[in-house]
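**Student:** Take a look at the following structure, please.
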Amino acid sequence: MQKNILIIGYGDIAKRLIKVIGTESINISAISRNDSNNQNINKFNWDWLSDKKIDLKAKNFDSVIIIPKPSSLDEKGYKDGFIIATKNILNLLSNLNINKVIAISSTRVYGGHHKGAVDEKSIEKPSEFRGKLILEYEIALSQILGPKLTILRFSGLYDNQSKKTSHNKLHRDQAAKIIAHFIEYKSESSRANIINCSEDSEILFSEKSIINTKLKQTGFKF
């Protein structure tokens, strides 16, 4: 039987994900705010900043992937992408039958005060509006979705064309592979999982250094 997967936020990462998982044995529906098309998936255009409804036809999904994006890089743009959009997305999901939800987040939630190793037990203390709003987004999803939810906190994304990378970084191809891994992964935890997703790097005691031990313990290999 084919799996049904819904991707909310059909952009670069989603396109890379589809290349990883393929479409032969998986039925993929994807939502975007623009008119991009892909003949191999069920593509829907929906402005999740509005109160408009959307009919996805299907009601049952094995996995839902949420890939949020700010409408602009200022505070209003982040409120749009992580607060207003999340309310409308949760309203959409309330009418669906879902086994699991994978939500993409950011290691920005830890803030800049941390020095040395940072893992999932480290205290979230955002130091600017982006991290604060992203943490609000995580909390809103956790309160509604509970044990169905896995939060993947990505470090600074880059690709082969990037001229500059951060100390804590994650290639966009690896980001797609991590999402694919968690579509199949079955957690033994009864509560929401939070996973830091960052490539191996030296632990620096002069700045925040994201640890990926928990990610590797799930069986993911870079």
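Chain lettering (A, B, ...) mirrors the order of the structure tokens, residue numbering begins at 1 for each chain separately, and ligand numbering begins at 1 in order of display.
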Write out as a list in words each polymer residue whose atoms come within 7 Å of stretch 110-127 of chain A, counting only C-alpha atoms; drop sequence neighbours fewer than 6 positions from it.

**Tutor:**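 Neighbouring residues, sequence-local ones excluded: Ile194, Ile195, Asn196, Ile203, Leu204, Phe205, Ser206, Glu207, Lys208, Ser209, Ile210 and Ile211 of chain A.
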
**Student:** Tell me, as JSON, numbers by chain, which residues lie within 9 Å of stretch 148-151 of chain A, counting only C-alpha atoms; anything in the same chain fewer than 4 positions away does not count.

**Tutor:** {"A": [98, 99, 100, 101, 102, 103, 104, 105, 138, 141, 142, 182, 190, 191, 192, 193, 194, 195, 196]}

**Student:** Set the distance at 10 Å and use only C-alpha atoms: which residues neighbour stretch 26-35 of chain A once local chain neighbours fewer than 6 positions away are removed? I'd like the list as a PyMOL selection string.

**Tutor:** chain A and resi 1-11+14-15+18+41-49+54+56-58+61+63-66

**Student:** With N, CA and C atoms retained, export the selected residues as a compact mmCIF listing (two decimals), in the first residue's frame.

**Tutor:**
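Result file part20.txt:
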```txt
# COMPACT_ATOMS: atom_id res chain seq x y z
N MET A 1 0.84 -1.20 0.00
CA MET A 1 0.00 0.00 0.00
C MET A 1 0.88 1.26 0.00
N GLN A 2 0.54 2.22 -0.85
CA GLN A 2 1.32 3.44 -0.93
C GLN A 2 1.16 4.29 0.33
N LYS A 3 2.27 4.90 0.73
CA LYS A 3 2.20 5.86 1.82
C LYS A 3 1.70 7.19 1.28
N ASN A 4 0.95 7.89 2.09
CA ASN A 4 0.52 9.24 1.76
C ASN A 4 1.30 10.23 2.61
N ILE A 5 1.97 11.16 1.95
CA ILE A 5 2.77 12.17 2.65
C ILE A 5 2.33 13.56 2.20
N LEU A 6 2.18 14.45 3.17
CA LEU A 6 1.82 15.83 2.89
C LEU A 6 2.98 16.73 3.27
N ILE A 7 3.43 17.57 2.33
CA ILE A 7 4.49 18.54 2.58
C ILE A 7 3.88 19.93 2.57
N ILE A 8 3.99 20.64 3.67
CA ILE A 8 3.50 22.02 3.75
C ILE A 8 4.71 22.94 3.68
N GLY A 9 4.87 23.60 2.54
CA GLY A 9 6.05 24.42 2.29
C GLY A 9 6.90 23.81 1.19
N TYR A 10 6.39 23.86 -0.04
CA TYR A 10 7.05 23.22 -1.17
C TYR A 10 8.09 24.18 -1.76
N GLY A 11 9.31 24.06 -1.26
CA GLY A 11 10.41 24.89 -1.72
C GLY A 11 11.64 24.04 -2.00
N ALA A 14 12.01 20.79 0.13
CA ALA A 14 10.98 19.81 -0.25
C ALA A 14 11.32 19.15 -1.58
N LYS A 15 11.82 19.91 -2.53
CA LYS A 15 12.18 19.34 -3.83
C LYS A 15 13.33 18.35 -3.69
N ILE A 18 11.90 15.12 -2.14
CA ILE A 18 11.18 14.28 -3.11
C ILE A 18 12.15 13.46 -3.95
N ILE A 41 3.67 14.89 -8.32
CA ILE A 41 3.04 15.04 -7.01
C ILE A 41 1.70 15.74 -7.16
N ASN A 42 0.90 15.67 -6.10
CA ASN A 42 -0.36 16.41 -6.05
C ASN A 42 -0.06 17.79 -5.48
N LYS A 43 -0.05 18.80 -6.33
CA LYS A 43 0.39 20.13 -5.93
C LYS A 43 -0.82 21.03 -5.65
N PHE A 44 -0.80 21.72 -4.50
CA PHE A 44 -1.87 22.63 -4.13
C PHE A 44 -1.28 24.01 -3.83
N ASN A 45 -1.94 25.03 -4.28
CA ASN A 45 -1.56 26.40 -3.96
C ASN A 45 -2.50 26.91 -2.86
N TRP A 46 -1.91 27.38 -1.77
CA TRP A 46 -2.71 27.85 -0.63
C TRP A 46 -1.94 28.92 0.12
N ASP A 47 -2.60 30.04 0.36
CA ASP A 47 -2.00 31.11 1.15
C ASP A 47 -2.34 30.89 2.62
N TRP A 48 -1.38 30.30 3.35
CA TRP A 48 -1.66 29.98 4.76
C TRP A 48 -1.60 31.20 5.68
N LEU A 49 -1.44 32.38 5.11
CA LEU A 49 -1.56 33.61 5.90
C LEU A 49 -2.98 34.15 5.84
N ILE A 54 -8.79 25.04 2.25
CA ILE A 54 -8.20 24.27 1.16
C ILE A 54 -8.71 22.84 1.24
N LEU A 56 -7.82 19.20 0.26
CA LEU A 56 -6.71 18.36 -0.19
C LEU A 56 -7.17 17.05 -0.82
N LYS A 57 -8.47 16.86 -0.91
CA LYS A 57 -9.05 15.60 -1.41
C LYS A 57 -8.81 14.46 -0.41
N ALA A 58 -7.55 14.11 -0.18
CA ALA A 58 -7.22 13.04 0.77
C ALA A 58 -7.36 13.54 2.21
N PHE A 61 -3.04 10.73 6.14
CA PHE A 61 -1.62 10.90 5.80
C PHE A 61 -0.75 10.17 6.82
N SER A 63 2.54 10.77 7.07
CA SER A 63 3.43 11.81 7.60
C SER A 63 3.06 13.16 7.01
N VAL A 64 3.17 14.18 7.85
CA VAL A 64 3.04 15.56 7.39
C VAL A 64 4.37 16.25 7.69
N ILE A 65 4.94 16.91 6.70
CA ILE A 65 6.20 17.64 6.86
C ILE A 65 5.89 19.13 6.81
N ILE A 66 6.25 19.86 7.85
CA ILE A 66 6.04 21.31 7.88
C ILE A 66 7.39 22.00 7.71
```

**Student:** As a list of chain:residue names, list the residues of stretch 70-120 of chain A assigned to strand (DSSP E or B) by DSSP on the backbone atoms of this structure.

**Tutor:**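 Of stretch 70-120 of chain A, the ones in strand (DSSP E or B) are A:Asn97, A:Ile98, A:Asn99, A:Lys100, A:Val101, A:Ile102, A:Ala103, A:Ile104, A:Ser105, A:Ser106, A:Gly116, A:Ala117, A:Val118.
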
**Student:** From the list A:Arg130, A:Arg108, A:Lys177, A:Lys52, which residue is nearest A:Glu75 when using only C-alpha atoms?

**Tutor:** A:Arg130

**Student:** Leaving out A:Val20 and any residue of its chain fewer than 5 positions from it, which residues lie within 12 Å of it when counting only C-alpha atoms, given as a list in words?

**Tutor:**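 Listing them by chain and then by number gives Ile13, Ala14, Lys15, Ile26, Arg172, Asp173, Gln174, Ala175, Ala176, Lys177, Ile178, Ile179, Ala180, His181 and Ile183 of chain A.
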